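*Asks:* To be precise about what I am sending: the file is called run.txt and holds compact mmCIF, C-alpha atoms and all ligand atoms.
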```txt
# COMPACT_ATOMS: atom_id res chain seq x y z
CA MET S 1 0.00 0.00 0.00
CA ILE S 2 2.90 2.42 0.75
CA PRO S 3 5.04 3.01 -2.36
CA PRO S 4 8.84 3.07 -1.99
CA LEU S 5 8.88 6.43 -3.85
CA LEU S 6 6.94 8.08 -1.01
CA ILE S 7 9.34 6.68 1.59
CA SER S 8 12.41 7.86 -0.31
CA LYS S 9 10.83 11.30 -0.83
CA VAL S 10 10.30 11.60 2.92
CA ASN S 11 13.79 10.37 3.67
CA SER S 12 15.46 12.79 1.28
CA ALA S 13 13.29 15.74 2.39
CA LYS S 14 14.83 18.58 4.33
CA SER S 15 11.38 19.79 5.25
CA VAL S 16 8.07 17.98 5.66
CA ALA S 17 4.75 19.75 6.28
CA VAL S 18 1.59 17.97 7.39
CA LEU S 19 -2.00 19.22 7.40
CA THR S 20 -4.44 17.18 9.44
CA GLY S 21 -8.21 17.25 9.71
CA ALA S 22 -10.94 15.56 11.68
CA GLY S 23 -10.29 12.17 10.03
CA ILE S 24 -7.07 11.63 11.97
CA SER S 25 -9.04 11.72 15.22
CA ALA S 26 -11.91 9.55 13.92
CA GLU S 27 -10.26 6.36 15.15
CA SER S 28 -9.94 7.93 18.60
CA GLY S 29 -13.73 8.29 18.67
CA VAL S 30 -14.05 11.97 17.73
CA ALA S 31 -16.68 12.59 15.05
CA THR S 32 -15.71 14.18 11.74
CA PHE S 33 -17.81 16.96 10.22
CA ARG S 34 -18.76 16.02 6.64
CA ASP S 35 -18.88 12.22 6.67
CA PRO S 36 -22.41 10.74 6.50
CA ASP S 37 -22.51 10.44 10.31
CA GLY S 38 -20.49 13.64 10.82
CA LEU S 39 -21.32 16.56 13.11
CA TRP S 40 -22.67 18.73 10.31
CA SER S 41 -25.20 16.04 9.39
CA ARG S 42 -26.66 16.27 12.90
CA PHE S 43 -26.01 19.87 13.94
CA SER S 44 -26.26 23.23 12.23
CA PRO S 45 -22.96 25.04 11.71
CA LEU S 46 -24.83 28.34 11.47
CA GLU S 47 -26.39 27.83 14.90
CA LEU S 48 -23.32 26.38 16.61
CA ALA S 49 -20.27 27.71 14.83
CA SER S 50 -20.95 31.33 13.99
CA MET S 51 -21.06 34.57 15.95
CA ASP S 52 -24.68 35.14 14.89
CA GLY S 53 -25.61 31.71 16.23
CA PHE S 54 -23.77 32.39 19.50
CA LEU S 55 -25.41 35.78 20.05
CA ALA S 56 -28.83 34.32 19.21
CA ASN S 57 -28.52 31.42 21.65
CA PRO S 58 -25.32 31.42 23.76
CA ASP S 59 -26.67 28.73 26.13
CA ARG S 60 -27.17 26.30 23.28
CA VAL S 61 -23.70 27.02 21.89
CA TRP S 62 -22.02 26.57 25.29
CA GLU S 63 -23.92 23.34 25.81
CA TRP S 64 -22.67 22.00 22.48
CA TYR S 65 -19.05 22.91 23.20
CA GLU S 66 -19.34 21.34 26.65
CA TYR S 67 -20.61 18.18 24.97
CA ARG S 68 -17.60 18.21 22.62
CA ARG S 69 -15.19 18.99 25.47
CA ALA S 70 -16.53 16.02 27.40
CA ILE S 71 -15.83 13.81 24.38
CA ILE S 72 -12.25 14.97 23.89
CA ASN S 73 -11.60 14.63 27.62
CA SER S 74 -12.63 11.00 27.40
CA VAL S 75 -10.58 9.91 24.36
CA GLN S 76 -6.94 9.12 23.68
CA PRO S 77 -4.64 9.84 20.74
CA ASN S 78 -4.40 6.97 18.25
CA ASP S 79 -1.51 5.48 16.30
CA GLY S 80 -1.84 8.17 13.62
CA HIS S 81 -1.17 10.96 16.15
CA PHE S 82 1.71 8.98 17.67
CA ALA S 83 3.23 8.17 14.27
CA LEU S 84 3.33 11.88 13.34
CA ALA S 85 5.00 12.76 16.65
CA GLU S 86 7.58 10.07 15.86
CA LEU S 87 8.09 11.37 12.31
CA SER S 88 8.76 14.86 13.68
CA ARG S 89 11.77 13.46 15.51
CA VAL S 90 13.19 11.82 12.37
CA VAL S 91 12.80 14.53 9.70
CA PRO S 92 15.20 17.54 9.85
CA GLN S 93 12.41 20.12 9.66
CA PHE S 94 8.85 19.15 10.41
CA THR S 95 5.73 21.32 10.62
CA LEU S 96 2.45 19.96 11.88
CA ILE S 97 -0.57 22.05 10.94
CA THR S 98 -3.98 20.99 12.19
CA GLN S 99 -7.55 22.08 11.67
CA ASN S 100 -8.50 20.04 14.71
CA VAL S 101 -9.48 21.60 18.00
CA ASP S 102 -9.09 18.45 20.11
CA ARG S 103 -5.41 18.79 21.18
CA LEU S 104 -4.81 15.07 20.48
CA HIS S 105 -1.59 15.80 18.54
CA GLN S 106 -0.16 17.48 21.62
CA ALA S 107 -1.38 14.61 23.81
CA ALA S 108 0.59 12.25 21.55
CA GLY S 109 3.78 14.28 22.07
CA SER S 110 3.80 16.62 19.06
CA ARG S 111 5.25 20.04 19.78
CA ASP S 112 4.73 23.44 18.17
CA VAL S 113 1.51 22.31 16.55
CA ILE S 114 -0.01 25.05 14.40
CA GLU S 115 -3.70 25.23 15.32
CA LEU S 116 -5.49 26.90 12.42
CA HIS S 117 -8.96 26.69 13.94
CA GLY S 118 -8.15 27.34 17.60
CA ASN S 119 -8.90 24.71 20.23
CA LEU S 120 -11.62 23.46 22.53
CA ILE S 121 -9.67 24.12 25.71
CA ASP S 122 -9.30 27.90 25.69
CA ASN S 123 -11.98 30.55 25.99
CA HIS S 124 -11.99 34.29 25.48
CA CYS S 125 -14.32 37.24 25.82
CA GLN S 126 -16.28 37.87 22.65
CA ARG S 127 -16.32 41.61 23.40
CA CYS S 128 -12.83 42.56 24.69
CA HIS S 129 -11.04 39.34 23.57
CA ALA S 130 -9.40 38.80 26.99
CA PRO S 131 -8.45 35.15 27.48
CA HIS S 132 -10.42 33.31 30.17
CA VAL S 133 -9.55 30.10 31.90
CA PHE S 134 -12.46 28.20 33.36
CA PRO S 135 -12.04 24.94 35.17
CA ASP S 136 -14.60 22.62 33.61
CA GLN S 137 -16.38 22.23 36.92
CA ASP S 138 -17.00 25.97 37.13
CA ILE S 139 -18.60 25.93 33.74
CA LEU S 140 -20.76 22.97 34.66
CA ASN S 141 -21.76 24.61 37.95
CA GLY S 142 -22.56 27.74 35.97
CA PHE S 143 -24.80 25.73 33.72
CA THR S 144 -26.65 24.11 36.56
CA GLN S 145 -27.40 27.59 37.82
CA LYS S 146 -28.26 28.65 34.27
CA LYS S 147 -25.50 31.24 34.29
CA LEU S 148 -23.41 31.92 31.23
CA PRO S 149 -19.71 32.54 31.74
CA ARG S 150 -19.05 36.30 31.70
CA CYS S 151 -15.80 38.23 31.25
CA SER S 152 -14.37 39.37 34.58
CA PHE S 153 -12.95 42.50 32.90
CA CYS S 154 -15.80 43.86 30.81
CA GLY S 155 -18.80 41.64 31.56
CA GLY S 156 -19.04 40.43 27.94
CA LEU S 157 -19.99 36.89 27.06
CA VAL S 158 -17.14 34.39 27.17
CA ARG S 159 -16.90 32.08 24.15
CA PRO S 160 -14.81 29.05 23.20
CA SER S 161 -11.58 29.92 21.35
CA VAL S 162 -12.57 27.99 18.25
CA VAL S 163 -12.61 29.75 14.88
CA TRP S 164 -16.18 30.07 13.67
CA PHE S 165 -17.53 30.43 10.15
CA GLY S 166 -17.02 33.97 8.89
CA GLU S 167 -14.08 34.61 11.23
CA ASN S 168 -10.43 35.07 10.30
CA LEU S 169 -7.89 32.43 11.21
CA PRO S 170 -5.21 33.44 13.73
CA THR S 171 -2.77 35.49 11.64
CA ASP S 172 0.47 34.00 12.98
CA ALA S 173 -0.78 30.44 12.65
CA LEU S 174 -1.90 30.98 9.07
CA SER S 175 1.30 32.69 7.95
CA SER S 176 3.49 29.97 9.56
CA ALA S 177 1.37 27.32 7.85
CA GLU S 178 1.64 29.06 4.47
CA GLN S 179 5.38 29.44 4.87
CA ALA S 180 5.76 25.73 5.70
CA ALA S 181 3.65 24.74 2.67
CA LEU S 182 5.68 26.92 0.33
CA THR S 183 9.06 25.69 1.52
CA CYS S 184 8.52 21.97 2.20
CA ASP S 185 9.74 19.09 0.02
CA VAL S 186 6.92 16.76 1.02
CA PHE S 187 3.40 17.77 2.05
CA PHE S 188 0.86 15.41 3.62
CA SER S 189 -2.87 16.11 3.65
CA ILE S 190 -4.31 13.70 6.21
CA GLY S 191 -7.91 13.03 7.21
CA THR S 192 -9.36 16.19 5.75
CA SER S 193 -12.04 16.72 3.13
CA ALA S 194 -9.90 19.68 1.98
CA GLU S 195 -13.02 21.78 1.55
CA VAL S 196 -12.56 24.53 4.11
CA TYR S 197 -10.43 27.50 3.11
CA PRO S 198 -7.88 28.89 3.74
CA ALA S 199 -6.54 25.58 5.15
CA ALA S 200 -7.58 23.79 1.95
CA GLN S 201 -5.29 26.04 -0.08
CA LEU S 202 -2.15 24.71 1.61
CA PRO S 203 -1.67 21.48 -0.40
CA TYR S 204 -2.11 23.39 -3.68
CA SER S 205 0.43 26.00 -2.55
CA ALA S 206 2.87 23.24 -1.66
CA LYS S 207 2.35 21.51 -4.99
CA SER S 208 2.82 24.73 -7.00
CA ALA S 209 6.03 25.37 -5.09
CA GLY S 210 7.35 21.94 -6.14
CA ALA S 211 6.57 19.69 -3.16
CA PHE S 212 5.57 16.03 -3.45
CA VAL S 213 2.01 15.96 -2.14
CA CYS S 214 0.55 12.86 -0.50
CA GLU S 215 -2.99 12.44 0.74
CA VAL S 216 -3.99 9.93 3.42
CA ASN S 217 -7.73 9.31 3.42
CA PRO S 218 -9.96 6.25 3.04
CA ASN S 219 -12.07 8.26 0.59
CA GLU S 220 -11.41 10.42 -2.43
CA THR S 221 -11.66 14.17 -1.87
CA ILE S 222 -11.72 17.23 -4.07
CA LEU S 223 -7.93 17.30 -3.64
CA THR S 224 -7.28 13.72 -4.78
CA PRO S 225 -6.86 14.41 -8.53
CA PHE S 226 -4.09 16.90 -7.73
CA VAL S 227 -1.93 14.84 -5.36
CA ASP S 228 1.15 12.84 -6.30
CA PHE S 229 0.02 9.89 -4.24
CA HIS S 230 -3.16 8.93 -2.44
CA VAL S 231 -2.78 6.45 0.40
CA ARG S 232 -6.31 5.14 0.45
CA GLY S 233 -6.71 3.98 4.01
CA GLN S 234 -7.40 4.94 7.57
CA SER S 235 -4.73 7.17 9.00
CA ALA S 236 -3.77 5.18 12.11
CA GLN S 237 -2.58 2.16 10.17
CA ALA S 238 -1.34 4.09 7.11
CA LEU S 239 0.77 6.51 9.15
CA ARG S 240 2.17 3.73 11.29
CA GLU S 241 3.23 1.89 8.10
CA ILE S 242 4.75 5.05 6.59
CA VAL S 243 6.78 5.88 9.69
CA THR S 244 7.94 2.29 10.11
CA ALA S 245 9.07 2.19 6.47
CA VAL S 246 10.80 5.60 6.76
CA LYS S 247 12.74 4.45 9.81
CA ALA S 248 13.59 1.07 8.26
CA GLU S 249 15.02 2.74 5.13
CA ARG S 250 17.09 5.08 7.31
CA GLU S 251 18.50 2.16 9.25
CA PHE S 252 19.31 0.34 6.01
CA GLN S 253 21.17 3.38 4.64
CA LYS S 254 23.32 3.85 7.74
P1 LIG U 1 -14.30 16.77 7.39
O1 LIG U 1 -15.36 16.12 8.21
O2 LIG U 1 -14.72 17.76 6.38
O3 LIG U 1 -13.45 15.65 6.64
C1 LIG U 1 -12.98 14.53 7.32
C2 LIG U 1 -12.21 13.66 6.36
O4 LIG U 1 -11.65 12.60 7.09
C3 LIG U 1 -13.06 13.04 5.23
O5 LIG U 1 -12.44 13.31 3.98
C4 LIG U 1 -13.03 11.54 5.55
O6 LIG U 1 -13.01 10.74 4.37
C5 LIG U 1 -11.72 11.42 6.31
N1 LIG U 1 -11.65 10.30 7.25
C6 LIG U 1 -12.64 9.67 7.92
N2 LIG U 1 -12.14 8.69 8.69
C7 LIG U 1 -10.79 8.70 8.51
C8 LIG U 1 -9.71 7.93 9.03
N3 LIG U 1 -9.91 6.94 9.91
N4 LIG U 1 -8.47 8.22 8.60
C9 LIG U 1 -8.24 9.22 7.72
N5 LIG U 1 -9.22 9.98 7.20
C10 LIG U 1 -10.48 9.72 7.58
O7 LIG U 1 -13.24 17.39 8.42
P2 LIG U 1 -12.15 18.52 8.15
O8 LIG U 1 -11.61 18.42 6.78
O9 LIG U 1 -11.22 18.51 9.29
O10 LIG U 1 -13.88 23.82 11.17
O11 LIG U 1 -13.06 19.82 8.24
C11 LIG U 1 -12.46 21.08 8.14
C12 LIG U 1 -13.13 22.04 9.07
O12 LIG U 1 -14.54 22.04 8.83
C13 LIG U 1 -13.02 21.69 10.55
O13 LIG U 1 -11.81 22.13 11.12
C14 LIG U 1 -14.19 22.41 11.13
C15 LIG U 1 -15.24 22.11 10.09
O14 LIG U 1 -16.26 23.05 9.98
C16 LIG U 1 -14.07 24.51 12.29
O15 LIG U 1 -14.57 24.04 13.28
C17 LIG U 1 -13.63 25.95 12.20
```
What would you get if you wrote out this structure as structure tokens?
*Replies:*
Amino acid sequence: MIPPLLISKVNSAKSVAVLTGAGISAESGVATFRDPDGLWSRFSPLELASMDGFLANPDRVWEWYEYRRAIINSVQPNDGHFALAELSRVVPQFTLITQNVDRLHQAAGSRDVIELHGNLIDNHCQRCHAPHVFPDQDILNGFTQKKLPRCSFCGGLVRPSVVWFGENLPTDALSSAEQAALTCDVFFSIGTSAEVYPAAQLPYSAKSAGAFVCEVNPNETILTPFVDFHVRGQSAQALREIVTAVKAEREFQK
């Protein structure tokens, strides 16, 4: 399933960039968005992932993010997350860019992860943007008393630090991701439908700049016709096989 060309490309690369999406966490038990049983088939992104939706019904939005926080607190990284952390220690320069908000890459030992869409752990004030740290229990207690978390500085509503539809991505994260895509030798697009911009632009930027682009996904995506190789499989097993083969070839060449 893993072609020797891909392994030698990775082993000769000075720089490898990886973009991950919800699919890499699917085998940990975190739902994707656009698969038939995905979150957006059951919930409305306009109601739950937009500022208008939040202002219209902040209780409902908080409840949904609490539900998602409870899920990520109960799951573990899978072999795909661990394999990428391992690869980062083998390749000279390695950049891990994720659209995921679950922090499972960090839990698997990856460092300096570029979070394009924020994360489910942090919160900030929607009015003055001050960061707010709430122990989960406080939030839950707040809910039982039907009280929404409020900013201790300005009294504005506190919201999860996840990027919502219509909002800009964090500037530093996006420019670091673009830089990595434009300068890498190998680019992996893993577990993403590659439909949400600007993240979805990254593999095309990498390809135009001359990188070898590999997709890891059990399904075809809109990106598939443009990649140099499509590993058609689930990411936990595929990434484990890729990293094992990369390390074996390195050992052989010593
Ligand atoms: P999607 O739900 O759009 O796509 C998930 C992809 O994962 C699909 O292409 C699946 O085929 C693939 N997949 C499923 N199981 C897999 C597995 N075991 N291994 C590998 N791939 C698998 O999720 P994203 O592309 O991440 O934005 O969605 C992008 C953004 O849209 C998300 O970050 C989120 C959403 O709205 C925000 O929350 C801001």
*Asks:* Using all atoms listed in the file, pick whichever of S:Gln201, S:Ser189, S:Thr183, S:Ser44 has the shortest atom-to-atom distance to Cys214 (chain S).
*Replies:* S:Ser189
*Asks:* Could you state the separation of CA of Arg69 (chain S) and CA of Pro218 (chain S) in Å, given to one decimal place?
*Replies:* 26.3 Å
*Asks:* Got a sec to check which residues lie within 6 Å of ligand LIG 1 (chain U), using all atoms listed in the file, and send them as a PDB file with C-alpha atoms, keeping the file's coordinate frame?
*Replies:*
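selection-v4.pdb, written as the output of this step:
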```pdb
ATOM      1  CA  GLY S  21      -8.210  17.250   9.710  1.00  0.00           C
ATOM      2  CA  ALA S  22     -10.940  15.560  11.680  1.00  0.00           C
ATOM      3  CA  GLY S  23     -10.290  12.170  10.030  1.00  0.00           C
ATOM      4  CA  ILE S  24      -7.070  11.630  11.970  1.00  0.00           C
ATOM      5  CA  ALA S  26     -11.910   9.550  13.920  1.00  0.00           C
ATOM      6  CA  GLU S  27     -10.260   6.360  15.150  1.00  0.00           C
ATOM      7  CA  THR S  32     -15.710  14.180  11.740  1.00  0.00           C
ATOM      8  CA  PHE S  33     -17.810  16.960  10.220  1.00  0.00           C
ATOM      9  CA  ARG S  34     -18.760  16.020   6.640  1.00  0.00           C
ATOM     10  CA  ASP S  35     -18.880  12.220   6.670  1.00  0.00           C
ATOM     11  CA  GLN S  99      -7.550  22.080  11.670  1.00  0.00           C
ATOM     12  CA  ASN S 100      -8.500  20.040  14.710  1.00  0.00           C
ATOM     13  CA  HIS S 117      -8.960  26.690  13.940  1.00  0.00           C
ATOM     14  CA  VAL S 163     -12.610  29.750  14.880  1.00  0.00           C
ATOM     15  CA  TRP S 164     -16.180  30.070  13.670  1.00  0.00           C
ATOM     16  CA  GLY S 191      -7.910  13.030   7.210  1.00  0.00           C
ATOM     17  CA  THR S 192      -9.360  16.190   5.750  1.00  0.00           C
ATOM     18  CA  SER S 193     -12.040  16.720   3.130  1.00  0.00           C
ATOM     19  CA  ALA S 194      -9.900  19.680   1.980  1.00  0.00           C
ATOM     20  CA  VAL S 196     -12.560  24.530   4.110  1.00  0.00           C
ATOM     21  CA  ASN S 217      -7.730   9.310   3.420  1.00  0.00           C
ATOM     22  CA  PRO S 218      -9.960   6.250   3.040  1.00  0.00           C
ATOM     23  CA  ASN S 219     -12.070   8.260   0.590  1.00  0.00           C
ATOM     24  CA  THR S 221     -11.660  14.170  -1.870  1.00  0.00           C
ATOM     25  CA  GLN S 234      -7.400   4.940   7.570  1.00  0.00           C
ATOM     26  CA  SER S 235      -4.730   7.170   9.000  1.00  0.00           C
TER      27      SER S 235
END
```
*Asks:* Check the smallest atom-to-atom distance from each of S:Leu55, S:Leu239, S:Val227, S:Leu46 to Asn78 (chain S) using all atoms listed in the file, then report the winner.
*Replies:*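 Of S:Leu55, S:Leu239, S:Val227, S:Leu46, the one nearest Asn78 (chain S), counting all atoms listed in the file, is S:Leu239.
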*Asks:* Which residues come within 12 Å of Glu251 (chain S), counting all atoms listed in the file, excluding same-chain residues fewer than 4 positions away, as JSON, numbers by chain?
*Replies:* {"S": [11, 90, 244, 245, 246, 247]}
*Asks:* Residues at most 12 Å from Ser152 (chain S), counting only C-alpha atoms, excluding those fewer than 2 positions away in the same chain, as a list in words?
*Replies:*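 Near Ser152 (chain S), the qualifying residues are His124, Cys125, Arg127, Cys128, His129, Ala130, Pro131, His132, Val133, Phe134, Pro149, Arg150, Cys154, Gly155, Gly156, Leu157 and Val158 of chain S.
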*Asks:* Taking all atoms listed in the file into account, name the residue in S:Thr20, S:Lys207, S:Ser12, S:Glu167 that is nearest to Arg250 (chain S).
*Replies:* S:Ser12
*Asks:* For Phe54 (chain S), which of S:Glu215, S:Glu220, S:Glu241, S:Phe165 is the closest residue, counting only C-alpha atoms?
*Replies:* S:Phe165
*Asks:* If the box runs along x, y and z of the file and leaves 6 Å on each side of region 124-131 of chain S, what are its centre and edge lengths in Å, one decimal, as AutoDock Vina command-line options?
*Replies:*
```
--center_x -12.4 --center_y 38.4 --center_z 25.1 --size_x 19.9 --size_y 20.3 --size_z 16.8
```
